[in-house]
file coords_25.pdb (PDB, C-alpha atoms and all ligand atoms)
ATOM      1  CA  MET A   1      23.018  -1.544  -2.115
ATOM      2  CA  PRO A   2      20.564  -2.725   0.544
ATOM      3  CA  VAL A   3      18.695  -0.030   2.470
ATOM      4  CA  PRO A   4      20.400   0.264   5.847
ATOM      5  CA  ASP A   5      18.411  -0.338   8.975
ATOM      6  CA  VAL A   6      17.397   3.236   9.855
ATOM      7  CA  PRO A   7      14.966   3.393  12.793
ATOM      8  CA  VAL A   8      11.796   5.446  12.412
ATOM      9  CA  ALA A   9      10.140   8.020  14.663
ATOM     10  CA  ALA A  10       6.383   7.634  15.085
ATOM     11  CA  LEU A  11       4.670  10.977  14.469
ATOM     12  CA  ALA A  12       1.502  11.852  16.386
ATOM     13  CA  GLY A  13      -0.609  11.637  13.198
ATOM     14  CA  GLY A  14       0.602   8.115  12.458
ATOM     15  CA  ALA A  15       3.413   8.718   9.947
ATOM     16  CA  ALA A  16       6.759   6.913  10.253
ATOM     17  CA  MET A  17       9.714   9.267   9.821
ATOM     18  CA  PRO A  18      13.178   7.768   9.175
ATOM     19  CA  MET A  19      15.438   9.079  11.929
ATOM     20  CA  LEU A  20      18.383   9.648   9.581
ATOM     21  CA  GLY A  21      17.625  11.880   6.605
ATOM     22  CA  PHE A  22      19.505  13.821   3.978
ATOM     23  CA  GLY A  23      19.822  17.621   4.286
ATOM     24  CA  THR A  24      19.978  19.711   1.122
ATOM     25  CA  TRP A  25      20.526  23.305   2.262
ATOM     26  CA  GLN A  26      23.186  25.219   0.261
ATOM     27  CA  MET A  27      23.021  22.796  -2.644
ATOM     28  CA  THR A  28      21.298  23.886  -5.832
ATOM     29  CA  GLY A  29      21.244  22.890  -9.490
ATOM     30  CA  ARG A  30      23.328  19.954 -10.669
ATOM     31  CA  ALA A  31      25.178  19.629  -7.336
ATOM     32  CA  CYS A  32      21.886  19.132  -5.515
ATOM     33  CA  TYR A  33      20.527  16.700  -8.107
ATOM     34  CA  ASP A  34      23.708  14.605  -7.997
ATOM     35  CA  ALA A  35      23.882  14.581  -4.199
ATOM     36  CA  VAL A  36      20.250  13.475  -3.801
ATOM     37  CA  ARG A  37      20.758  10.725  -6.402
ATOM     38  CA  ILE A  38      23.828   9.505  -4.500
ATOM     39  CA  ALA A  39      21.966   9.660  -1.186
ATOM     40  CA  LEU A  40      19.047   7.619  -2.508
ATOM     41  CA  GLU A  41      21.438   5.098  -4.070
ATOM     42  CA  ALA A  42      23.291   4.805  -0.769
ATOM     43  CA  GLY A  43      20.048   4.076   1.061
ATOM     44  CA  TYR A  44      18.661   7.322   2.504
ATOM     45  CA  ARG A  45      14.873   7.316   2.414
ATOM     46  CA  HIS A  46      14.265  10.775   3.856
ATOM     47  CA  VAL A  47      15.129  14.088   2.170
ATOM     48  CA  ASP A  48      14.854  17.558   3.725
ATOM     49  CA  THR A  49      14.293  20.599   1.527
ATOM     50  CA  ALA A  50      12.531  23.980   1.785
ATOM     51  CA  THR A  51      11.013  26.640  -0.438
ATOM     52  CA  MET A  52      13.898  28.858   0.684
ATOM     53  CA  TYR A  53      16.576  26.417  -0.563
ATOM     54  CA  ARG A  54      15.491  26.930  -4.192
ATOM     55  CA  ASN A  55      16.217  23.291  -4.964
ATOM     56  CA  GLU A  56      12.831  21.552  -4.773
ATOM     57  CA  GLY A  57      12.884  21.071  -8.564
ATOM     58  CA  GLU A  58      16.228  19.254  -8.417
ATOM     59  CA  VAL A  59      15.161  17.203  -5.413
ATOM     60  CA  GLY A  60      11.993  16.165  -7.265
ATOM     61  CA  ARG A  61      13.878  15.263 -10.421
ATOM     62  CA  ALA A  62      16.411  13.206  -8.467
ATOM     63  CA  LEU A  63      13.579  11.367  -6.702
ATOM     64  CA  ARG A  64      11.879  10.514  -9.992
ATOM     65  CA  ASP A  65      15.092   9.504 -11.798
ATOM     66  CA  SER A  66      16.275   7.365  -8.872
ATOM     67  CA  GLY A  67      13.752   4.628  -9.559
ATOM     68  CA  VAL A  68      12.993   4.404  -5.826
ATOM     69  CA  PRO A  69       9.211   4.140  -5.353
ATOM     70  CA  PRO A  70       7.965   7.604  -4.237
ATOM     71  CA  ALA A  71       6.067   6.046  -1.350
ATOM     72  CA  ASP A  72       9.378   4.779   0.069
ATOM     73  CA  VAL A  73      10.925   8.246   0.487
ATOM     74  CA  PHE A  74       9.910  10.651   3.248
ATOM     75  CA  VAL A  75      10.040  14.224   1.891
ATOM     76  CA  THR A  76       9.963  17.353   4.049
ATOM     77  CA  THR A  77       9.620  20.901   2.814
ATOM     78  CA  LYS A  78       9.140  24.206   4.640
ATOM     79  CA  LEU A  79       7.241  27.439   4.217
ATOM     80  CA  PRO A  80       9.375  30.571   4.635
ATOM     81  CA  PRO A  81       7.947  33.120   7.091
ATOM     82  CA  GLY A  82       7.809  35.720   4.297
ATOM     83  CA  ASN A  83       5.162  33.535   2.615
ATOM     84  CA  ALA A  84       2.946  33.334   5.701
ATOM     85  CA  GLY A  85       0.274  35.332   3.874
ATOM     86  CA  ARG A  86       0.050  32.833   1.016
ATOM     87  CA  PRO A  87       0.477  29.339   2.440
ATOM     88  CA  ASP A  88      -1.706  27.497  -0.083
ATOM     89  CA  ALA A  89       0.049  28.917  -3.135
ATOM     90  CA  THR A  90       3.413  28.189  -1.479
ATOM     91  CA  LEU A  91       2.527  24.570  -0.783
ATOM     92  CA  ASP A  92       1.132  24.101  -4.293
ATOM     93  CA  ALA A  93       4.377  25.492  -5.752
ATOM     94  CA  SER A  94       6.381  23.060  -3.593
ATOM     95  CA  LEU A  95       4.255  20.102  -4.708
ATOM     96  CA  SER A  96       4.564  21.115  -8.325
ATOM     97  CA  ALA A  97       8.364  21.564  -8.104
ATOM     98  CA  LEU A  98       8.773  18.275  -6.251
ATOM     99  CA  GLY A  99       6.357  16.551  -8.643
ATOM    100  CA  VAL A 100       4.349  14.901  -5.865
ATOM    101  CA  PRO A 101       0.681  15.101  -4.861
ATOM    102  CA  ALA A 102       1.591  15.492  -1.169
ATOM    103  CA  VAL A 103       4.628  16.005   1.036
ATOM    104  CA  ASP A 104       5.268  13.765   4.016
ATOM    105  CA  LEU A 105       6.002  16.712   6.277
ATOM    106  CA  TRP A 106       5.383  20.431   5.852
ATOM    107  CA  LEU A 107       7.046  22.777   8.336
ATOM    108  CA  VAL A 108       6.736  26.454   9.207
ATOM    109  CA  HIS A 109      10.416  27.307   8.602
ATOM    110  CA  TRP A 110      10.633  30.052  11.265
ATOM    111  CA  PRO A 111       8.002  31.657  13.473
ATOM    112  CA  PRO A 112       6.465  34.411  11.298
ATOM    113  CA  GLY A 113       6.929  37.197  13.840
ATOM    114  CA  GLY A 114       4.899  35.468  16.574
ATOM    115  CA  PRO A 115       3.831  31.824  16.721
ATOM    116  CA  GLY A 116       1.640  32.248  13.614
ATOM    117  CA  VAL A 117      -1.720  31.008  14.855
ATOM    118  CA  ASP A 118      -3.601  31.816  11.634
ATOM    119  CA  LEU A 119      -0.883  30.237   9.550
ATOM    120  CA  TRP A 120      -1.009  27.119  11.713
ATOM    121  CA  ARG A 121      -4.761  26.819  11.018
ATOM    122  CA  ARG A 122      -3.910  26.719   7.298
ATOM    123  CA  PHE A 123      -1.322  24.020   7.936
ATOM    124  CA  VAL A 124      -3.987  21.952   9.689
ATOM    125  CA  ALA A 125      -6.283  22.464   6.683
ATOM    126  CA  ALA A 126      -3.504  21.284   4.317
ATOM    127  CA  ARG A 127      -3.138  18.115   6.373
ATOM    128  CA  ASP A 128      -6.910  17.643   6.350
ATOM    129  CA  ASP A 129      -7.103  18.018   2.566
ATOM    130  CA  GLY A 130      -4.231  15.566   2.052
ATOM    131  CA  ARG A 131      -1.527  17.828   0.607
ATOM    132  CA  ALA A 132       0.668  17.328   3.690
ATOM    133  CA  ARG A 133       0.675  13.972   5.450
ATOM    134  CA  ALA A 134       2.197  15.500   8.579
ATOM    135  CA  ILE A 135       2.713  19.090   9.742
ATOM    136  CA  GLY A 136       5.132  20.754  12.088
ATOM    137  CA  VAL A 137       7.312  23.751  12.839
ATOM    138  CA  SER A 138      10.970  24.705  12.863
ATOM    139  CA  ASN A 139      12.960  27.003  15.114
ATOM    140  CA  TYR A 140      10.032  27.235  17.579
ATOM    141  CA  SER A 141      10.336  27.471  21.353
ATOM    142  CA  LEU A 142       8.217  25.193  23.543
ATOM    143  CA  GLU A 143       6.223  28.265  24.581
ATOM    144  CA  GLN A 144       5.398  29.075  20.948
ATOM    145  CA  ILE A 145       4.340  25.461  20.368
ATOM    146  CA  ASP A 146       2.045  25.709  23.391
ATOM    147  CA  VAL A 147       0.353  28.789  21.924
ATOM    148  CA  LEU A 148      -0.465  26.843  18.734
ATOM    149  CA  THR A 149      -1.793  23.903  20.730
ATOM    150  CA  ARG A 150      -3.927  26.123  22.965
ATOM    151  CA  GLN A 151      -5.358  28.315  20.237
ATOM    152  CA  VAL A 152      -5.768  25.839  17.391
ATOM    153  CA  GLY A 153      -6.146  22.568  19.275
ATOM    154  CA  VAL A 154      -3.527  20.800  17.132
ATOM    155  CA  THR A 155       0.066  20.286  18.299
ATOM    156  CA  PRO A 156       2.873  20.347  15.705
ATOM    157  CA  GLU A 157       4.072  16.787  15.077
ATOM    158  CA  VAL A 158       7.717  17.848  14.677
ATOM    159  CA  ASN A 159       9.942  20.762  15.691
ATOM    160  CA  GLN A 160      13.143  21.031  13.621
ATOM    161  CA  VAL A 161      15.815  22.934  15.558
ATOM    162  CA  ARG A 162      19.594  23.397  15.693
ATOM    163  CA  TRP A 163      20.900  20.443  17.680
ATOM    164  CA  ALA A 164      24.258  18.805  18.407
ATOM    165  CA  PRO A 165      26.164  17.498  21.448
ATOM    166  CA  SER A 166      27.495  21.028  22.118
ATOM    167  CA  LEU A 167      23.895  22.326  22.202
ATOM    168  CA  TYR A 168      22.413  19.431  24.188
ATOM    169  CA  ASP A 169      19.631  20.525  26.537
ATOM    170  CA  ALA A 170      17.874  17.736  28.440
ATOM    171  CA  ALA A 171      14.997  20.008  29.499
ATOM    172  CA  VAL A 172      14.213  21.014  25.910
ATOM    173  CA  GLU A 173      14.369  17.375  24.840
ATOM    174  CA  GLU A 174      12.044  16.328  27.671
ATOM    175  CA  GLY A 175       9.655  19.230  26.934
ATOM    176  CA  HIS A 176       9.183  17.954  23.394
ATOM    177  CA  ARG A 177       8.675  14.381  24.578
ATOM    178  CA  GLU A 178       6.031  15.464  27.108
ATOM    179  CA  ARG A 179       4.112  17.274  24.369
ATOM    180  CA  GLY A 180       4.373  14.390  21.888
ATOM    181  CA  VAL A 181       6.461  16.525  19.505
ATOM    182  CA  VAL A 182       9.274  14.710  17.678
ATOM    183  CA  LEU A 183      12.493  16.711  17.920
ATOM    184  CA  GLU A 184      14.424  16.928  14.655
ATOM    185  CA  GLY A 185      17.984  18.288  14.762
ATOM    186  CA  TYR A 186      19.661  20.294  12.041
ATOM    187  CA  SER A 187      23.315  21.304  11.466
ATOM    188  CA  PRO A 188      24.734  18.361  13.489
ATOM    189  CA  PHE A 189      28.274  18.934  12.168
ATOM    190  CA  LYS A 190      28.415  22.697  11.908
ATOM    191  CA  ASN A 191      28.143  22.835  15.685
ATOM    192  CA  THR A 192      30.541  19.976  16.436
ATOM    193  CA  ASP A 193      34.297  19.554  16.765
ATOM    194  CA  LEU A 194      34.777  16.182  15.093
ATOM    195  CA  ASP A 195      38.309  16.044  16.563
ATOM    196  CA  ASP A 196      36.951  16.062  20.088
ATOM    197  CA  PRO A 197      38.786  13.287  22.014
ATOM    198  CA  VAL A 198      35.561  11.815  23.440
ATOM    199  CA  LEU A 199      33.996  11.468  19.988
ATOM    200  CA  ARG A 200      37.231  10.111  18.544
ATOM    201  CA  GLU A 201      37.653   7.507  21.246
ATOM    202  CA  ILE A 202      34.063   6.278  20.931
ATOM    203  CA  ALA A 203      34.371   6.238  17.143
ATOM    204  CA  GLU A 204      37.542   4.162  17.334
ATOM    205  CA  ARG A 205      35.883   1.685  19.682
ATOM    206  CA  HIS A 206      33.107   1.090  17.123
ATOM    207  CA  GLY A 207      35.315   1.272  14.034
ATOM    208  CA  VAL A 208      33.363   4.231  12.601
ATOM    209  CA  ARG A 209      34.040   7.944  12.061
ATOM    210  CA  ALA A 210      33.333  10.639  14.624
ATOM    211  CA  GLY A 211      30.588  12.032  12.386
ATOM    212  CA  ALA A 212      28.678   8.754  12.598
ATOM    213  CA  VAL A 213      28.958   8.835  16.407
ATOM    214  CA  VAL A 214      27.368  12.305  16.467
ATOM    215  CA  LEU A 215      24.514  11.133  14.235
ATOM    216  CA  ARG A 216      23.985   7.953  16.264
ATOM    217  CA  TRP A 217      23.892  10.026  19.476
ATOM    218  CA  HIS A 218      20.865  11.877  18.042
ATOM    219  CA  ILE A 219      19.129   8.610  17.207
ATOM    220  CA  GLU A 220      19.792   7.128  20.688
ATOM    221  CA  HIS A 221      18.033  10.203  22.106
ATOM    222  CA  GLY A 222      15.052   9.744  19.771
ATOM    223  CA  VAL A 223      16.066  12.859  17.814
ATOM    224  CA  VAL A 224      15.751  12.763  14.006
ATOM    225  CA  VAL A 225      18.895  14.043  12.246
ATOM    226  CA  ILE A 226      19.469  15.277   8.672
ATOM    227  CA  PRO A 227      23.185  15.661   7.813
ATOM    228  CA  LYS A 228      24.075  17.338   4.529
ATOM    229  CA  SER A 229      27.031  16.517   2.335
ATOM    230  CA  ALA A 230      27.792  17.158  -1.305
ATOM    231  CA  ARG A 231      30.463  14.403  -1.402
ATOM    232  CA  ARG A 232      29.721  10.760  -2.149
ATOM    233  CA  GLU A 233      32.239   9.492   0.376
ATOM    234  CA  ARG A 234      30.673  11.447   3.260
ATOM    235  CA  ILE A 235      27.088  10.838   2.140
ATOM    236  CA  GLU A 236      27.833   7.112   2.395
ATOM    237  CA  ALA A 237      29.935   7.376   5.564
ATOM    238  CA  ASN A 238      27.187   9.240   7.418
ATOM    239  CA  LEU A 239      24.922   6.216   6.930
ATOM    240  CA  GLU A 240      27.279   4.278   9.211
ATOM    241  CA  ALA A 241      25.130   5.751  11.985
ATOM    242  CA  ALA A 242      22.479   3.164  11.141
ATOM    243  CA  ARG A 243      24.868   0.249  11.602
ATOM    244  CA  PHE A 244      25.941   0.392  15.258
ATOM    245  CA  ARG A 245      24.604   1.410  18.687
ATOM    246  CA  LEU A 246      25.898   3.525  21.534
ATOM    247  CA  ASP A 247      25.423   2.318  25.099
ATOM    248  CA  ALA A 248      23.996   4.507  27.869
ATOM    249  CA  GLU A 249      27.423   5.382  29.230
ATOM    250  CA  GLU A 250      28.668   6.521  25.810
ATOM    251  CA  VAL A 251      25.532   8.625  25.304
ATOM    252  CA  ALA A 252      26.046  10.239  28.726
ATOM    253  CA  ARG A 253      29.685  11.058  27.925
ATOM    254  CA  ILE A 254      28.588  12.778  24.705
ATOM    255  CA  ASP A 255      25.806  14.624  26.578
ATOM    256  CA  ARG A 256      28.517  16.142  28.756
ATOM    257  CA  LEU A 257      30.046  17.872  25.701
ATOM    258  CA  ALA A 258      27.203  20.397  26.035
ATOM    259  CA  ARG A 259      28.529  23.899  26.448
ATOM    260  CA  GLY A 260      25.785  24.588  29.001
TER     261      GLY A 260
HETATM  262  N1  LIG B 301      15.109  24.466   9.645
HETATM  263  C1  LIG B 301      16.161  25.243   9.529
HETATM  264  O1  LIG B 301      16.142  26.444   9.828
HETATM  265  C2  LIG B 301      17.438  24.641   9.032
HETATM  266  C3  LIG B 301      18.638  25.355   9.175
HETATM  267  C4  LIG B 301      19.825  24.763   8.751
HETATM  268  C5  LIG B 301      19.793  23.493   8.190
HETATM  269  N2  LIG B 301      18.612  22.826   8.027
HETATM  270  C6  LIG B 301      18.552  21.463   7.385
HETATM  271  O2  LIG B 301      19.477  20.624   8.058
HETATM  272  C7  LIG B 301      20.417  20.104   7.123
HETATM  273  C8  LIG B 301      21.762  19.871   7.791
HETATM  274  O3  LIG B 301      22.279  21.044   8.328
HETATM  275  P1  LIG B 301      23.477  21.872   7.638
HETATM  276  O4  LIG B 301      23.535  21.592   6.186
HETATM  277  O5  LIG B 301      23.313  23.274   8.104
HETATM  278  O6  LIG B 301      24.759  21.351   8.378
HETATM  279  P2  LIG B 301      25.479  19.942   8.697
HETATM  280  O7  LIG B 301      24.748  18.807   8.082
HETATM  281  O8  LIG B 301      25.767  19.960  10.134
HETATM  282  O9  LIG B 301      26.871  20.168   8.022
HETATM  283  C9  LIG B 301      27.101  20.190   6.679
HETATM  284  C10 LIG B 301      28.600  20.458   6.545
HETATM  285  O10 LIG B 301      29.315  19.363   7.116
HETATM  286  C11 LIG B 301      30.155  18.776   6.124
HETATM  287  N3  LIG B 301      30.093  17.317   6.356
HETATM  288  C12 LIG B 301      29.133  16.445   6.013
HETATM  289  N4  LIG B 301      29.408  15.203   6.434
HETATM  290  C13 LIG B 301      30.608  15.277   7.061
HETATM  291  C14 LIG B 301      31.428  14.331   7.696
HETATM  292  N5  LIG B 301      31.078  13.054   7.788
HETATM  293  N6  LIG B 301      32.601  14.759   8.245
HETATM  294  C15 LIG B 301      32.954  16.055   8.166
HETATM  295  N7  LIG B 301      32.215  17.010   7.579
HETATM  296  C16 LIG B 301      31.039  16.629   7.032
HETATM  297  C17 LIG B 301      29.588  19.222   4.805
HETATM  298  O11 LIG B 301      30.582  19.395   3.836
HETATM  299  P3  LIG B 301      30.523  18.674   2.382
HETATM  300  O12 LIG B 301      29.187  18.989   1.777
HETATM  301  O13 LIG B 301      31.667  19.291   1.671
HETATM  302  O14 LIG B 301      30.687  17.214   2.659
HETATM  303  C18 LIG B 301      28.985  20.585   5.135
HETATM  304  O15 LIG B 301      29.999  21.577   5.093
HETATM  305  C19 LIG B 301      20.433  21.178   6.021
HETATM  306  O16 LIG B 301      21.026  20.711   4.833
HETATM  307  C20 LIG B 301      18.960  21.481   5.916
HETATM  308  O17 LIG B 301      18.298  20.475   5.180
HETATM  309  C21 LIG B 301      17.434  23.379   8.469
END
call {"tool": "encode", "arguments": {"input": "coords_25.pdb", "output": "structure tokens"}}
result
Amino acid sequence: MPVPDVPVAALAGGAAMPMLGFGTWQMTGRACYDAVRIALEAGYRHVDTATMYRNEGEVGRALRDSGVPPADVFVTTKLPPGNAGRPDATLDASLSALGVPAVDLWLVHWPPGGPGVDLWRRFVAARDDGRARAIGVSNYSLEQIDVLTRQVGVTPEVNQVRWAPSLYDAAVEEGHRERGVVLEGYSPFKNTDLDDPVLREIAERHGVRAGAVVLRWHIEHGVVVIPKSARRERIEANLEAARFRLDAEEVARIDRLARG
């Protein structure tokens, strides 16, 4: 199957991050291996994992067995806040489980109490020594990002946060853009009513499913999105988001689903 035309986000350090990736939380063992194989076969070229998901080994094995050149797949993993005192050993364990010499993106999974200035210095060092091609954070506020920038002099390239039409916040989106931080959304479906009449009507107009409309809405906003599914049919259907566009009026209608 040809690789669908997924746009990329340009990270501040120069990396190109596919805007539609594959989430792997709550999948372990054989289920995770199978799902990642299916996703790569279907055309995903971006996989999101974390130390905390306990599935980096399966993700790595699926990547190797897929036959897709490693350089073609963007891999993210995350350091859990409980490991803030041992970042280097944590990253080395991730690399070893994934079977790669470097990850494309390494994130601080949650702020470790405060913004984690010392930890962020170690992230910068990991990027400098080549074990992480890009570095970022997850579940950070703009204020916490500003502390890292001020105290370390390096701004996170990405912030991965809960995001969906119901959670849409134009000021947060703009704040990330102003700082040059790519916003990455997680749990796009868990926070969405896929039977919403606005989503259904727009989906019908484009001949796609409501889920694909939600994913495309992220992309139109410049937000990277990483849906998870354990089922082949949905893994493939979610890639429909790469095959159509929403116009400005449709995006604005979906923006208005925000709960405020
Ligand atoms: N940084 C963080 O703190 C953080 C937190 C949460 C998640 N994440 C990342 O973000 C990824 C995505 O978030 P998530 O897994 O929480 O939630 P999600 O992708 O919003 O939702 C996954 C759920 O939606 C179902 N689903 C998938 N495609 C569907 C479709 N087309 N129509 C209807 N239902 C569909 C899945 O069921 P089936 O599997 O049965 O299809 C699963 O129950 C995670 O896997 C993880 O990689 C990061």
call {"tool": "closest_residue", "arguments": {"input": "coords_25.pdb", "among": "A:Ala42, A:Asn83, A:Gly13, A:Glu174", "to": "Arg133 (chain A)", "atoms": "all atoms listed in the file"}}
result
A:Gly13
call {"tool": "closest_atom_pairs", "arguments": {"input": "coords_25.pdb", "of": "chain A", "to": "ligand LIG 301 (chain B)", "cutoff": "7 Å", "atoms": "all atoms listed in the file", "output": "JSON lines"}}
result
{"residue": "A:Phe22", "atom": "CA", "partner": "B:LIG301", "partner_atom": "O17", "distance": 6.9}
{"residue": "A:Gly23", "atom": "CA", "partner": "B:LIG301", "partner_atom": "O17", "distance": 3.4}
{"residue": "A:Thr24", "atom": "CA", "partner": "B:LIG301", "partner_atom": "O16", "distance": 4.0}
{"residue": "A:Trp25", "atom": "CA", "partner": "B:LIG301", "partner_atom": "O16", "distance": 3.7}
{"residue": "A:Gln26", "atom": "CA", "partner": "B:LIG301", "partner_atom": "O16", "distance": 6.8}
{"residue": "A:Asp48", "atom": "CA", "partner": "B:LIG301", "partner_atom": "O17", "distance": 4.7}
{"residue": "A:Thr49", "atom": "CA", "partner": "B:LIG301", "partner_atom": "O17", "distance": 5.4}
{"residue": "A:His109", "atom": "CA", "partner": "B:LIG301", "partner_atom": "N1", "distance": 5.6}
{"residue": "A:Trp110", "atom": "CA", "partner": "B:LIG301", "partner_atom": "O1", "distance": 6.7}
{"residue": "A:Ser138", "atom": "CA", "partner": "B:LIG301", "partner_atom": "N1", "distance": 5.2}
{"residue": "A:Asn139", "atom": "CA", "partner": "B:LIG301", "partner_atom": "O1", "distance": 6.2}
{"residue": "A:Gln160", "atom": "CA", "partner": "B:LIG301", "partner_atom": "N1", "distance": 5.6}
{"residue": "A:Val161", "atom": "CA", "partner": "B:LIG301", "partner_atom": "N1", "distance": 6.1}
{"residue": "A:Arg162", "atom": "CA", "partner": "B:LIG301", "partner_atom": "C3", "distance": 6.9}
{"residue": "A:Tyr186", "atom": "CA", "partner": "B:LIG301", "partner_atom": "O2", "distance": 4.0}
{"residue": "A:Ser187", "atom": "CA", "partner": "B:LIG301", "partner_atom": "O8", "distance": 3.1}
{"residue": "A:Pro188", "atom": "CA", "partner": "B:LIG301", "partner_atom": "O8", "distance": 3.9}
{"residue": "A:Phe189", "atom": "CA", "partner": "B:LIG301", "partner_atom": "O8", "distance": 3.4}
{"residue": "A:Lys190", "atom": "CA", "partner": "B:LIG301", "partner_atom": "O8", "distance": 4.2}
{"residue": "A:Asn191", "atom": "CA", "partner": "B:LIG301", "partner_atom": "O8", "distance": 6.7}
{"residue": "A:Gly211", "atom": "CA", "partner": "B:LIG301", "partner_atom": "N5", "distance": 4.7}
{"residue": "A:Ala212", "atom": "CA", "partner": "B:LIG301", "partner_atom": "N5", "distance": 6.9}
{"residue": "A:Ile226", "atom": "CA", "partner": "B:LIG301", "partner_atom": "C7", "distance": 5.2}
{"residue": "A:Pro227", "atom": "CA", "partner": "B:LIG301", "partner_atom": "O7", "distance": 3.5}
{"residue": "A:Lys228", "atom": "CA", "partner": "B:LIG301", "partner_atom": "O7", "distance": 3.9}
{"residue": "A:Ser229", "atom": "CA", "partner": "B:LIG301", "partner_atom": "O12", "distance": 3.3}
{"residue": "A:Ala230", "atom": "CA", "partner": "B:LIG301", "partner_atom": "O12", "distance": 3.8}
{"residue": "A:Arg231", "atom": "CA", "partner": "B:LIG301", "partner_atom": "O14", "distance": 4.9}
{"residue": "A:Arg234", "atom": "CA", "partner": "B:LIG301", "partner_atom": "N5", "distance": 4.8}
{"residue": "A:Ile235", "atom": "CA", "partner": "B:LIG301", "partner_atom": "N4", "distance": 6.5}
{"residue": "A:Ala237", "atom": "CA", "partner": "B:LIG301", "partner_atom": "N5", "distance": 6.2}
{"residue": "A:Asn238", "atom": "CA", "partner": "B:LIG301", "partner_atom": "N5", "distance": 5.5}
call {"tool": "closest_residue", "arguments": {"input": "coords_25.pdb", "among": "A:Val154, A:Val108, A:Ala84, A:Ala134", "to": "Ala16 (chain A)", "atoms": "all atoms listed in the file"}}
result
A:Ala134
call {"tool": "residues_around", "arguments": {"input": "coords_25.pdb", "residues": "region 248-256 of chain A", "least_positions_apart": "3", "cutoff": "12 Å", "atoms": "only C-alpha atoms", "output": "NGL selection string"}}
result
:A and (163-170 or 173 or 192-194 or 196-203 or 205-206 or 210 or 213-222 or 245 or 259-260)
call {"tool": "write_last_selection", "arguments": {"input": "coords_25.pdb", "atoms": "C-alpha atoms", "output": "short mmCIF file (atom, residue, chain, number, x, y, z; two decimals), in the coordinates of the input"}}
result
data_model
loop_
_atom_site.label_atom_id
_atom_site.label_comp_id
_atom_site.auth_asym_id
_atom_site.auth_seq_id
_atom_site.Cartn_x
_atom_site.Cartn_y
_atom_site.Cartn_z
CA TRP A 163 20.90 20.44 17.68
CA ALA A 164 24.26 18.80 18.41
CA PRO A 165 26.16 17.50 21.45
CA SER A 166 27.50 21.03 22.12
CA LEU A 167 23.90 22.33 22.20
CA TYR A 168 22.41 19.43 24.19
CA ASP A 169 19.63 20.52 26.54
CA ALA A 170 17.87 17.74 28.44
CA GLU A 173 14.37 17.38 24.84
CA THR A 192 30.54 19.98 16.44
CA ASP A 193 34.30 19.55 16.76
CA LEU A 194 34.78 16.18 15.09
CA ASP A 196 36.95 16.06 20.09
CA PRO A 197 38.79 13.29 22.01
CA VAL A 198 35.56 11.82 23.44
CA LEU A 199 34.00 11.47 19.99
CA ARG A 200 37.23 10.11 18.54
CA GLU A 201 37.65 7.51 21.25
CA ILE A 202 34.06 6.28 20.93
CA ALA A 203 34.37 6.24 17.14
CA ARG A 205 35.88 1.68 19.68
CA HIS A 206 33.11 1.09 17.12
CA ALA A 210 33.33 10.64 14.62
CA VAL A 213 28.96 8.84 16.41
CA VAL A 214 27.37 12.30 16.47
CA LEU A 215 24.51 11.13 14.24
CA ARG A 216 23.98 7.95 16.26
CA TRP A 217 23.89 10.03 19.48
CA HIS A 218 20.86 11.88 18.04
CA ILE A 219 19.13 8.61 17.21
CA GLU A 220 19.79 7.13 20.69
CA HIS A 221 18.03 10.20 22.11
CA GLY A 222 15.05 9.74 19.77
CA ARG A 245 24.60 1.41 18.69
CA ARG A 259 28.53 23.90 26.45
CA GLY A 260 25.78 24.59 29.00
#
call {"tool": "resolve_selection", "arguments": {"input": "coords_25.pdb", "expression": "the PyMOL selection byres (((chain A and resi 61) around 12) and not hetatm)", "output": "ChimeraX atom specification"}}
result
/A:29-30,32-37,55-60,62-68,70,96-100
call {"tool": "atom_distance", "arguments": {"input": "coords_25.pdb", "atom1": "CA of Arg86 (chain A)", "atom2": "CA of Arg122 (chain A)"}}
result
9.6 Å
call {"tool": "closest_residue", "arguments": {"input": "coords_25.pdb", "among": "A:Gly180, A:Pro7, A:Gly136, A:Pro101", "to": "Phe244 (chain A)", "atoms": "only C-alpha atoms"}}
result
A:Pro7
call {"tool": "atom_distance", "arguments": {"input": "coords_25.pdb", "atom1": "CA of Tyr44 (chain A)", "atom2": "CA of Ala258 (chain A)"}}
result
28.2 Å
call {"tool": "closest_residue", "arguments": {"input": "coords_25.pdb", "among": "A:Ala12, A:Val223, A:Leu119, A:Val147", "to": "Val172 (chain A)", "atoms": "only C-alpha atoms"}}
result
A:Val223
call {"tool": "closest_residue", "arguments": {"input": "coords_25.pdb", "among": "A:Glu236, A:Asp129, A:Asp92, A:Asp104", "to": "Asp72 (chain A)", "atoms": "only C-alpha atoms"}}
result
A:Asp104
call {"tool": "axis_aligned_box", "arguments": {"input": "coords_25.pdb", "around": "region 82-101 of chain A", "padding_each_side": "6 Å", "output": "lines of an AutoDock Vina configuration file"}}
result
center_x = 3.5
center_y = 25.3
center_z = -1.5
size_x = 22.5
size_y = 32.8
size_z = 26.3
call {"tool": "atom_distance", "arguments": {"input": "coords_25.pdb", "atom1": "CA of Leu148 (chain A)", "atom2": "CA of Trp120 (chain A)"}}
result
7.0 Å
call {"tool": "closest_residue", "arguments": {"input": "coords_25.pdb", "among": "A:Ala50, A:Val152, A:Leu105, A:Leu79", "to": "Val117 (chain A)", "atoms": "all atoms listed in the file"}}
result
A:Val152
call {"tool": "residues_around", "arguments": {"input": "coords_25.pdb", "residues": "Val182 (chain A)", "least_positions_apart": "2", "cutoff": "9 Å", "atoms": "all atoms listed in the file", "output": "MDAnalysis selection string"}}
result
chainID A and resid 9:12 156:160 176:177 179:180 184 222:224
call {"tool": "resolve_selection", "arguments": {"input": "coords_25.pdb", "expression": "the PyMOL selection byres (((chain A and resi 5) around 8) and not hetatm)", "output": "ChimeraX atom specification"}}
result
/A:3-4,6-7,242-243
